[in-house]
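Everything below belongs to final-v8.cif, which stores mmCIF, C-alpha atoms.
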```cif
data_data
#
loop_
_atom_site.label_atom_id
_atom_site.label_comp_id
_atom_site.auth_asym_id
_atom_site.auth_seq_id
_atom_site.Cartn_x
_atom_site.Cartn_y
_atom_site.Cartn_z
CA MET S 22 30.74 -7.32 28.10
CA GLY S 23 29.60 -4.34 26.08
CA GLN S 24 26.30 -3.16 24.70
CA MET S 25 24.88 -1.67 21.54
CA ILE S 26 24.44 2.10 21.67
CA THR S 27 23.28 4.80 19.26
CA PHE S 28 25.37 7.93 18.72
CA SER S 29 24.86 11.03 16.58
CA ARG S 30 26.55 11.85 13.30
CA PRO S 31 27.59 15.44 12.46
CA ASP S 32 24.87 15.57 9.80
CA GLY S 33 22.14 14.91 12.36
CA GLY S 34 21.77 11.22 11.54
CA SER S 35 22.66 8.39 13.86
CA THR S 36 24.78 5.25 13.89
CA GLN S 37 24.82 2.23 16.15
CA GLY S 38 27.93 0.71 17.64
CA TYR S 39 29.18 -1.80 20.17
CA LEU S 40 30.59 -0.06 23.26
CA THR S 41 32.45 -1.51 26.22
CA ASP S 42 33.05 1.10 28.93
CA ALA S 43 36.25 0.66 30.91
CA GLY S 44 35.08 3.07 33.59
CA ALA S 45 35.10 6.74 34.45
CA GLY S 46 38.26 8.64 33.67
CA THR S 47 39.55 6.14 31.10
CA PRO S 48 40.73 7.14 27.61
CA SER S 49 38.83 5.87 24.58
CA VAL S 50 39.47 4.24 21.23
CA ILE S 51 37.33 3.60 18.16
CA LEU S 52 37.87 0.08 16.82
CA ILE S 53 36.92 -0.23 13.14
CA GLN S 54 35.59 -3.50 11.73
CA GLU S 55 37.03 -5.72 9.03
CA TRP S 56 35.12 -6.17 5.78
CA TRP S 57 33.02 -8.90 7.43
CA GLY S 58 31.04 -6.41 9.54
CA LEU S 59 30.51 -5.92 13.27
CA ASN S 60 30.69 -9.63 14.05
CA ASP S 61 31.55 -11.61 17.20
CA HIS S 62 35.28 -11.38 16.48
CA ILE S 63 35.20 -7.56 16.44
CA ARG S 64 33.03 -7.46 19.55
CA ALA S 65 35.53 -9.73 21.30
CA LEU S 66 38.35 -7.35 20.37
CA VAL S 67 36.33 -4.44 21.77
CA ASP S 68 35.89 -6.30 25.07
CA ARG S 69 39.55 -7.28 25.11
CA MET S 70 40.73 -3.71 24.59
CA ALA S 71 38.36 -2.38 27.24
CA ALA S 72 39.80 -4.93 29.68
CA THR S 73 43.14 -3.10 29.38
CA GLY S 74 41.53 0.10 30.68
CA ILE S 75 40.58 1.80 27.40
CA THR S 76 36.88 2.37 26.70
CA THR S 77 36.25 0.99 23.20
CA LEU S 78 33.56 1.62 20.58
CA ALA S 79 33.11 -0.25 17.29
CA PRO S 80 30.73 1.62 14.94
CA ASP S 81 28.44 -0.61 12.88
CA LEU S 82 29.36 0.68 9.43
CA TYR S 83 27.26 -1.97 7.64
CA ARG S 84 24.09 -1.12 9.59
CA GLY S 85 23.57 -4.57 11.02
CA ARG S 86 24.61 -6.60 7.98
CA LEU S 87 27.24 -9.33 8.22
CA ALA S 88 29.11 -11.07 5.41
CA SER S 89 29.30 -14.87 5.39
CA SER S 90 31.74 -15.26 2.47
CA ALA S 91 34.69 -13.38 1.03
CA ASP S 92 32.69 -12.54 -2.09
CA GLU S 93 29.89 -11.07 -0.01
CA ALA S 94 32.36 -9.16 2.17
CA SER S 95 34.07 -7.74 -0.90
CA HIS S 96 30.71 -6.65 -2.31
CA MET S 97 29.69 -4.99 0.96
CA MET S 98 33.01 -3.20 1.32
CA THR S 99 32.84 -1.97 -2.28
CA ARG S 100 29.37 -0.57 -1.65
CA LEU S 101 30.43 1.25 1.52
CA ASP S 102 30.70 5.02 1.10
CA PHE S 103 34.16 5.51 2.61
CA ALA S 104 33.85 9.30 2.71
CA ASP S 105 30.52 9.13 4.53
CA ALA S 106 31.85 6.51 6.94
CA THR S 107 34.89 8.66 7.69
CA HIS S 108 33.36 12.13 7.93
CA GLN S 109 30.05 11.09 9.50
CA ASP S 110 30.11 7.72 11.29
CA LEU S 111 33.69 7.84 12.55
CA ARG S 112 33.72 11.56 13.29
CA GLY S 113 30.47 11.09 15.17
CA ALA S 114 32.06 8.29 17.17
CA VAL S 115 34.99 10.54 18.08
CA GLN S 116 32.63 13.30 19.19
CA HIS S 117 30.59 10.82 21.26
CA LEU S 118 33.63 9.45 23.07
CA ALA S 119 35.17 12.89 23.57
CA ARG S 120 32.17 13.88 25.70
CA ARG S 121 33.35 11.38 28.31
CA GLY S 122 36.54 13.39 28.73
CA GLY S 123 39.99 12.07 28.04
CA LYS S 124 41.81 11.47 24.77
CA VAL S 125 40.43 9.41 21.88
CA GLY S 126 42.35 7.12 19.53
CA VAL S 127 41.43 4.99 16.55
CA MET S 128 42.42 1.51 15.41
CA GLY S 129 41.16 -0.86 12.75
CA PHE S 130 41.75 -4.05 10.80
CA CYS S 131 41.76 -4.71 7.04
CA MET S 132 39.05 -2.36 5.72
CA GLY S 133 39.13 -0.83 9.18
CA GLY S 134 42.86 -0.32 8.84
CA ALA S 135 42.30 1.70 5.69
CA LEU S 136 39.63 3.71 7.49
CA THR S 137 42.04 4.23 10.38
CA VAL S 138 44.43 5.98 8.00
CA ALA S 139 41.54 7.99 6.58
CA SER S 140 40.43 8.98 10.08
CA ALA S 141 43.96 10.01 11.03
CA VAL S 142 44.00 12.31 7.99
CA HIS S 143 40.45 13.71 8.04
CA VAL S 144 38.86 13.41 11.49
CA PRO S 145 39.72 16.05 14.12
CA GLY S 146 39.96 15.19 17.80
CA LEU S 147 42.09 12.06 17.55
CA SER S 148 45.28 11.64 19.57
CA ALA S 149 46.69 8.37 18.14
CA ALA S 150 46.04 5.83 15.36
CA VAL S 151 46.90 2.13 15.02
CA CYS S 152 46.45 0.51 11.61
CA PHE S 153 46.35 -3.23 10.94
CA TYR S 154 47.00 -4.27 7.31
CA GLY S 155 44.89 -1.69 5.49
CA ILE S 156 45.78 1.39 3.41
CA PRO S 157 43.26 3.59 1.55
CA PRO S 158 43.90 5.10 -1.90
CA ALA S 159 46.21 8.11 -1.50
CA GLN S 160 43.78 10.31 -3.40
CA PHE S 161 41.25 9.78 -0.60
CA ALA S 162 43.61 9.92 2.35
CA ASP S 163 47.28 10.77 1.86
CA PRO S 164 49.29 9.36 4.81
CA ALA S 165 51.74 12.24 4.39
CA GLN S 166 49.02 14.41 5.94
CA ILE S 167 48.85 12.44 9.19
CA ARG S 168 49.86 14.63 12.13
CA ILE S 169 49.12 12.36 15.09
CA PRO S 170 51.18 9.45 16.49
CA PHE S 171 50.76 6.50 14.12
CA GLN S 172 51.53 2.82 14.52
CA GLY S 173 51.12 0.23 11.77
CA HIS S 174 51.08 -3.58 11.75
CA PHE S 175 51.52 -5.27 8.38
CA ALA S 176 52.09 -8.78 7.01
CA SER S 177 54.99 -9.60 4.71
CA GLU S 178 52.91 -12.24 2.89
CA ASP S 179 49.95 -9.93 2.22
CA ASP S 180 48.83 -9.70 -1.41
CA TRP S 181 46.16 -7.02 -0.65
CA CYS S 182 47.98 -4.56 1.60
CA THR S 183 51.32 -5.42 -0.02
CA PRO S 184 54.81 -4.80 1.39
CA ALA S 185 55.38 -2.30 -1.43
CA ALA S 186 52.28 -0.36 -0.36
CA VAL S 187 53.52 -0.35 3.21
CA ASP S 188 56.89 0.96 2.07
CA ARG S 189 55.14 3.80 0.24
CA LEU S 190 53.07 4.70 3.30
CA GLU S 191 56.11 4.75 5.55
CA ALA S 192 58.14 6.76 3.04
CA ALA S 193 55.36 9.31 2.56
CA MET S 194 55.06 9.89 6.29
CA THR S 195 58.81 9.99 6.86
CA GLN S 196 59.35 12.46 4.02
CA ALA S 197 56.65 14.66 5.57
CA GLY S 198 58.64 14.78 8.79
CA GLN S 199 56.62 12.21 10.72
CA ARG S 200 57.95 9.22 12.64
CA PRO S 201 55.57 6.31 12.01
CA ASP S 202 56.03 3.25 14.21
CA VAL S 203 55.71 0.56 11.54
CA HIS S 204 56.01 -3.17 12.27
CA ARG S 205 56.18 -5.99 9.76
CA TYR S 206 55.37 -9.62 10.55
CA LYS S 207 56.18 -12.83 8.72
CA ALA S 208 52.51 -13.67 8.40
CA GLN S 209 49.50 -13.43 6.11
CA HIS S 210 46.77 -10.82 5.83
CA ALA S 211 44.36 -10.89 8.81
CA PHE S 212 46.88 -12.69 11.02
CA VAL S 213 45.15 -11.30 14.14
CA ASN S 214 41.78 -12.93 13.31
CA GLN S 215 41.67 -16.13 15.35
CA THR S 216 38.37 -17.15 13.75
CA ARG S 217 40.30 -17.74 10.52
CA PRO S 218 42.79 -20.54 11.31
CA GLU S 219 44.11 -20.53 7.74
CA VAL S 220 45.75 -17.13 8.35
CA TYR S 221 45.81 -16.66 12.13
CA ASP S 222 49.27 -16.47 13.69
CA ALA S 223 49.06 -16.55 17.49
CA ALA S 224 52.59 -15.32 18.16
CA CYS S 225 52.43 -12.42 15.71
CA ALA S 226 48.92 -11.51 16.86
CA GLN S 227 49.97 -11.35 20.49
CA GLN S 228 53.07 -9.31 19.71
CA ALA S 229 51.04 -6.84 17.64
CA TRP S 230 48.38 -6.59 20.33
CA ASP S 231 50.92 -5.92 23.08
CA ARG S 232 52.53 -3.21 20.97
CA THR S 233 49.13 -1.67 20.26
CA VAL S 234 48.09 -1.50 23.91
CA ALA S 235 51.43 0.00 24.93
CA PHE S 236 51.27 2.57 22.11
CA LEU S 237 47.70 3.62 22.86
CA LYS S 238 48.37 3.96 26.59
CA GLN S 239 51.51 5.99 25.86
CA HIS S 240 49.63 8.53 23.77
CA LEU S 241 46.15 8.49 25.30
CA LEU S 242 47.19 8.64 28.94
CA ALA S 243 49.89 11.30 28.52
#
```

Show me this structure written as structure tokens.
Amino acid sequence: MGQMITFSRPDGGSTQGYLTDAGAGTPSVILIQEWWGLNDHIRALVDRMAATGITTLAPDLYRGRLASSADEASHMMTRLDFADATHQDLRGAVQHLARRGGKVGVMGFCMGGALTVASAVHVPGLSAAVCFYGIPPAQFADPAQIRIPFQGHFASEDDWCTPAAVDRLEAAMTQAGQRPDVHRYKAQHAFVNQTRPEVYDAACAQQAWDRTVAFLKQHLLA
């Protein structure tokens, strides 16, 4: 089980996050929340990733607030300053984990997937990125500018992070000379979230998770 910690932002402020330490000498990954907040589901994913031997930190981007409905989650996500979250909270998390030694990666789901792309574009010090069904506006973070190993997991029945948007992301990276590892699943948005039985797909979730762990270990342990 992990614990709440406080880490510094580049601007001198501070942010809290849920950290599970996998032990000395292990690589690290930042795990970015969905639009619901740093809830029990995200904490469970942090613990699960740490159990594979990767120290994992989930920054609390909503400052302790949790959404209880889709409308509330949408409102909270809309109010989030994505630039501040990227350049301050997430960069601060990278700097905090880098002090342990070892490489640092980033992964995220839904809103966190979009912020994963943004981090891969804007935040120095990252060695790999894994995005789950989230893409930011290109004017904020152009995926063609990603220069680290990138893996993506997307749902073919997603009406938010649509297949067409995924095609554009993959094309932009490929045309820029990158080799994104993009996977598509016959599933709905948020298919990894087992607390939402209306969209959860156990087989797809497990396959995506196994691919994620293998990808992160490949690039963070090299």

The PyMOL selection byres ((chain S and resi 59-69) around 8) applied to the shown file, residues as an NGL selection string | :S and (22-23 or 39-41 or 52 or 54-55 or 57-58 or 70-73 or 77-83 or 85-87 or 214 or 216)

Hey, what's within 9 Å of Ala150 (chain S) if we count all atoms listed in the file and toss same-chain stuff fewer than 6 positions away? As a PyMOL selection string, please?
-> chain S and resi 50+126-129+137-138+140-141+169-173+237

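Using all atoms listed in the file, the shortest contact distance between Gly33 (chain S) and any of S:Cys152, S:Gly113, S:Asp92, S:Pro157 is found at S:Gly113.
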
Would you list the residues near (50.5, 11.1, 4.5) (no more than 9 Å away, in the coordinates of the file, using only C-alpha atoms) as a PyMOL selection string?
-> chain S and resi 138+142+159+162-168+190-197+199

Those residues with C-alpha atoms, as a PDB file, keeping the file's coordinate frame please?
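The file below, again-v1.pdb, is the result:
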```pdb
ATOM      1  CA  VAL S 138      44.430   5.980   8.000  1.00  0.00           C
ATOM      2  CA  VAL S 142      44.000  12.310   7.990  1.00  0.00           C
ATOM      3  CA  ALA S 159      46.210   8.110  -1.500  1.00  0.00           C
ATOM      4  CA  ALA S 162      43.610   9.920   2.350  1.00  0.00           C
ATOM      5  CA  ASP S 163      47.280  10.770   1.860  1.00  0.00           C
ATOM      6  CA  PRO S 164      49.290   9.360   4.810  1.00  0.00           C
ATOM      7  CA  ALA S 165      51.740  12.240   4.390  1.00  0.00           C
ATOM      8  CA  GLN S 166      49.020  14.410   5.940  1.00  0.00           C
ATOM      9  CA  ILE S 167      48.850  12.440   9.190  1.00  0.00           C
ATOM     10  CA  ARG S 168      49.860  14.630  12.130  1.00  0.00           C
ATOM     11  CA  LEU S 190      53.070   4.700   3.300  1.00  0.00           C
ATOM     12  CA  GLU S 191      56.110   4.750   5.550  1.00  0.00           C
ATOM     13  CA  ALA S 192      58.140   6.760   3.040  1.00  0.00           C
ATOM     14  CA  ALA S 193      55.360   9.310   2.560  1.00  0.00           C
ATOM     15  CA  MET S 194      55.060   9.890   6.290  1.00  0.00           C
ATOM     16  CA  THR S 195      58.810   9.990   6.860  1.00  0.00           C
ATOM     17  CA  GLN S 196      59.350  12.460   4.020  1.00  0.00           C
ATOM     18  CA  ALA S 197      56.650  14.660   5.570  1.00  0.00           C
ATOM     19  CA  GLN S 199      56.620  12.210  10.720  1.00  0.00           C
TER      20      GLN S 199
END
```

Apply the PyMOL selection byres ((chain S and resi 211) around 7) to the displayed file and report the matching residues as an MDAnalysis selection string.
-> chainID S and resid 131 209:210 212:214 220:221

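The closest residue to Ser35 (chain S), picked from S:Ala235, S:Ala149, S:Ala119, S:Ala106 and counting only C-alpha atoms, is S:Ala106.
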
Top pick for closest residue to Gly46 (chain S), considering S:Pro31, S:Pro218, S:Gly123, S:Gly146 and counting all atoms listed in the file | S:Gly123

Distance CA of Leu101 (chain S)-CA of Val203 (chain S), one decimal place?
->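 Atom-to-atom, CA of Leu101 (chain S) and CA of Val203 (chain S) are spaced 27.2 Å apart.
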
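When all atoms listed in the file are used to compute distances to Thr36 (chain S), the closest of the residues S:Arg112, S:Ala135, S:Met97, S:Asp102 turns out to be S:Arg112.
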
Pairwise distance for CA of Ile156 (chain S) and CA of Trp181 (chain S), rounded to one decimal in Å |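 So the two atoms, CA of Ile156 (chain S) and CA of Trp181 (chain S), lie 9.3 Å apart.
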
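Using all atoms listed in the file for every distance, the candidate list S:Gly34, S:Gly74, S:Pro48, S:Gly122 yields S:Pro48 as the residue closest to Leu241 (chain S).
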
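Across S:Asp188, S:Asp110, S:Asp105, S:Asp179, the tightest approach to Lys207 (chain S) is made by S:Asp179 when counting only C-alpha atoms.
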
Reconstruct region 51-74 of chain S at the level of N, CA, C and O atoms, and format the result as a PDB file, in the frame of the given file.
```
ATOM      1  N   ILE S  51      38.278   4.138  19.132  1.00  0.00           N
ATOM      2  CA  ILE S  51      37.330   3.600  18.160  1.00  0.00           C
ATOM      3  C   ILE S  51      38.007   2.412  17.490  1.00  0.00           C
ATOM      4  O   ILE S  51      39.141   2.521  17.011  1.00  0.00           O
ATOM      5  N   LEU S  52      37.335   1.285  17.454  1.00  0.00           N
ATOM      6  CA  LEU S  52      37.870   0.080  16.820  1.00  0.00           C
ATOM      7  C   LEU S  52      37.030  -0.200  15.576  1.00  0.00           C
ATOM      8  O   LEU S  52      35.819  -0.431  15.687  1.00  0.00           O
ATOM      9  N   ILE S  53      37.659  -0.147  14.402  1.00  0.00           N
ATOM     10  CA  ILE S  53      36.920  -0.230  13.140  1.00  0.00           C
ATOM     11  C   ILE S  53      36.972  -1.648  12.570  1.00  0.00           C
ATOM     12  O   ILE S  53      38.041  -2.250  12.443  1.00  0.00           O
ATOM     13  N   GLN S  54      35.815  -2.127  12.199  1.00  0.00           N
ATOM     14  CA  GLN S  54      35.590  -3.500  11.730  1.00  0.00           C
ATOM     15  C   GLN S  54      36.397  -3.871  10.491  1.00  0.00           C
ATOM     16  O   GLN S  54      36.812  -3.033   9.711  1.00  0.00           O
ATOM     17  N   GLU S  55      36.556  -5.180  10.302  1.00  0.00           N
ATOM     18  CA  GLU S  55      37.030  -5.720   9.030  1.00  0.00           C
ATOM     19  C   GLU S  55      35.880  -5.687   8.023  1.00  0.00           C
ATOM     20  O   GLU S  55      34.771  -5.263   8.336  1.00  0.00           O
ATOM     21  N   TRP S  56      36.158  -6.209   6.822  1.00  0.00           N
ATOM     22  CA  TRP S  56      35.120  -6.170   5.780  1.00  0.00           C
ATOM     23  C   TRP S  56      33.961  -7.129   6.055  1.00  0.00           C
ATOM     24  O   TRP S  56      32.944  -7.093   5.375  1.00  0.00           O
ATOM     25  N   TRP S  57      34.080  -7.953   7.098  1.00  0.00           N
ATOM     26  CA  TRP S  57      33.020  -8.900   7.430  1.00  0.00           C
ATOM     27  C   TRP S  57      31.853  -8.230   8.148  1.00  0.00           C
ATOM     28  O   TRP S  57      30.746  -8.755   8.153  1.00  0.00           O
ATOM     29  N   GLY S  58      32.084  -7.086   8.784  1.00  0.00           N
ATOM     30  CA  GLY S  58      31.040  -6.410   9.540  1.00  0.00           C
ATOM     31  C   GLY S  58      31.328  -6.449  11.035  1.00  0.00           C
ATOM     32  O   GLY S  58      32.380  -6.912  11.491  1.00  0.00           O
ATOM     33  N   LEU S  59      30.374  -5.960  11.812  1.00  0.00           N
ATOM     34  CA  LEU S  59      30.510  -5.920  13.270  1.00  0.00           C
ATOM     35  C   LEU S  59      30.099  -7.293  13.822  1.00  0.00           C
ATOM     36  O   LEU S  59      29.008  -7.478  14.367  1.00  0.00           O
ATOM     37  N   ASN S  60      30.998  -8.244  13.669  1.00  0.00           N
ATOM     38  CA  ASN S  60      30.690  -9.630  14.050  1.00  0.00           C
ATOM     39  C   ASN S  60      31.244  -9.940  15.451  1.00  0.00           C
ATOM     40  O   ASN S  60      31.770  -9.070  16.156  1.00  0.00           O
ATOM     41  N   ASP S  61      31.118 -11.212  15.850  1.00  0.00           N
ATOM     42  CA  ASP S  61      31.550 -11.610  17.200  1.00  0.00           C
ATOM     43  C   ASP S  61      33.040 -11.397  17.404  1.00  0.00           C
ATOM     44  O   ASP S  61      33.481 -11.084  18.517  1.00  0.00           O
ATOM     45  N   HIS S  62      33.833 -11.573  16.360  1.00  0.00           N
ATOM     46  CA  HIS S  62      35.280 -11.380  16.480  1.00  0.00           C
ATOM     47  C   HIS S  62      35.591  -9.919  16.832  1.00  0.00           C
ATOM     48  O   HIS S  62      36.406  -9.653  17.724  1.00  0.00           O
ATOM     49  N   ILE S  63      34.954  -8.980  16.157  1.00  0.00           N
ATOM     50  CA  ILE S  63      35.200  -7.560  16.440  1.00  0.00           C
ATOM     51  C   ILE S  63      34.688  -7.202  17.834  1.00  0.00           C
ATOM     52  O   ILE S  63      35.356  -6.471  18.593  1.00  0.00           O
ATOM     53  N   ARG S  64      33.539  -7.716  18.202  1.00  0.00           N
ATOM     54  CA  ARG S  64      33.030  -7.460  19.550  1.00  0.00           C
ATOM     55  C   ARG S  64      33.988  -8.002  20.613  1.00  0.00           C
ATOM     56  O   ARG S  64      34.200  -7.351  21.654  1.00  0.00           O
ATOM     57  N   ALA S  65      34.573  -9.157  20.349  1.00  0.00           N
ATOM     58  CA  ALA S  65      35.530  -9.730  21.300  1.00  0.00           C
ATOM     59  C   ALA S  65      36.767  -8.845  21.430  1.00  0.00           C
ATOM     60  O   ALA S  65      37.327  -8.691  22.524  1.00  0.00           O
ATOM     61  N   LEU S  66      37.213  -8.255  20.318  1.00  0.00           N
ATOM     62  CA  LEU S  66      38.350  -7.350  20.370  1.00  0.00           C
ATOM     63  C   LEU S  66      38.004  -6.085  21.159  1.00  0.00           C
ATOM     64  O   LEU S  66      38.855  -5.545  21.888  1.00  0.00           O
ATOM     65  N   VAL S  67      36.775  -5.593  20.999  1.00  0.00           N
ATOM     66  CA  VAL S  67      36.330  -4.440  21.770  1.00  0.00           C
ATOM     67  C   VAL S  67      36.399  -4.757  23.264  1.00  0.00           C
ATOM     68  O   VAL S  67      36.949  -3.981  24.063  1.00  0.00           O
ATOM     69  N   ASP S  68      35.857  -5.898  23.659  1.00  0.00           N
ATOM     70  CA  ASP S  68      35.890  -6.300  25.070  1.00  0.00           C
ATOM     71  C   ASP S  68      37.319  -6.470  25.559  1.00  0.00           C
ATOM     72  O   ASP S  68      37.658  -6.075  26.689  1.00  0.00           O
ATOM     73  N   ARG S  69      38.149  -7.032  24.726  1.00  0.00           N
ATOM     74  CA  ARG S  69      39.550  -7.280  25.110  1.00  0.00           C
ATOM     75  C   ARG S  69      40.285  -5.958  25.317  1.00  0.00           C
ATOM     76  O   ARG S  69      41.057  -5.824  26.262  1.00  0.00           O
ATOM     77  N   MET S  70      40.063  -4.992  24.433  1.00  0.00           N
ATOM     78  CA  MET S  70      40.730  -3.710  24.590  1.00  0.00           C
ATOM     79  C   MET S  70      40.224  -2.989  25.829  1.00  0.00           C
ATOM     80  O   MET S  70      41.002  -2.396  26.587  1.00  0.00           O
ATOM     81  N   ALA S  71      38.916  -3.039  26.057  1.00  0.00           N
ATOM     82  CA  ALA S  71      38.360  -2.380  27.240  1.00  0.00           C
ATOM     83  C   ALA S  71      38.926  -2.984  28.530  1.00  0.00           C
ATOM     84  O   ALA S  71      39.097  -2.279  29.528  1.00  0.00           O
ATOM     85  N   ALA S  72      39.240  -4.274  28.498  1.00  0.00           N
ATOM     86  CA  ALA S  72      39.800  -4.930  29.680  1.00  0.00           C
ATOM     87  C   ALA S  72      41.182  -4.389  30.040  1.00  0.00           C
ATOM     88  O   ALA S  72      41.644  -4.566  31.171  1.00  0.00           O
ATOM     89  N   THR S  73      41.835  -3.707  29.099  1.00  0.00           N
ATOM     90  CA  THR S  73      43.140  -3.100  29.380  1.00  0.00           C
ATOM     91  C   THR S  73      42.988  -1.707  29.989  1.00  0.00           C
ATOM     92  O   THR S  73      43.991  -1.069  30.333  1.00  0.00           O
ATOM     93  N   GLY S  74      41.760  -1.209  30.099  1.00  0.00           N
ATOM     94  CA  GLY S  74      41.530   0.100  30.680  1.00  0.00           C
ATOM     95  C   GLY S  74      41.280   1.201  29.664  1.00  0.00           C
ATOM     96  O   GLY S  74      41.418   2.379  29.982  1.00  0.00           O
TER      97      GLY S  74
END
```
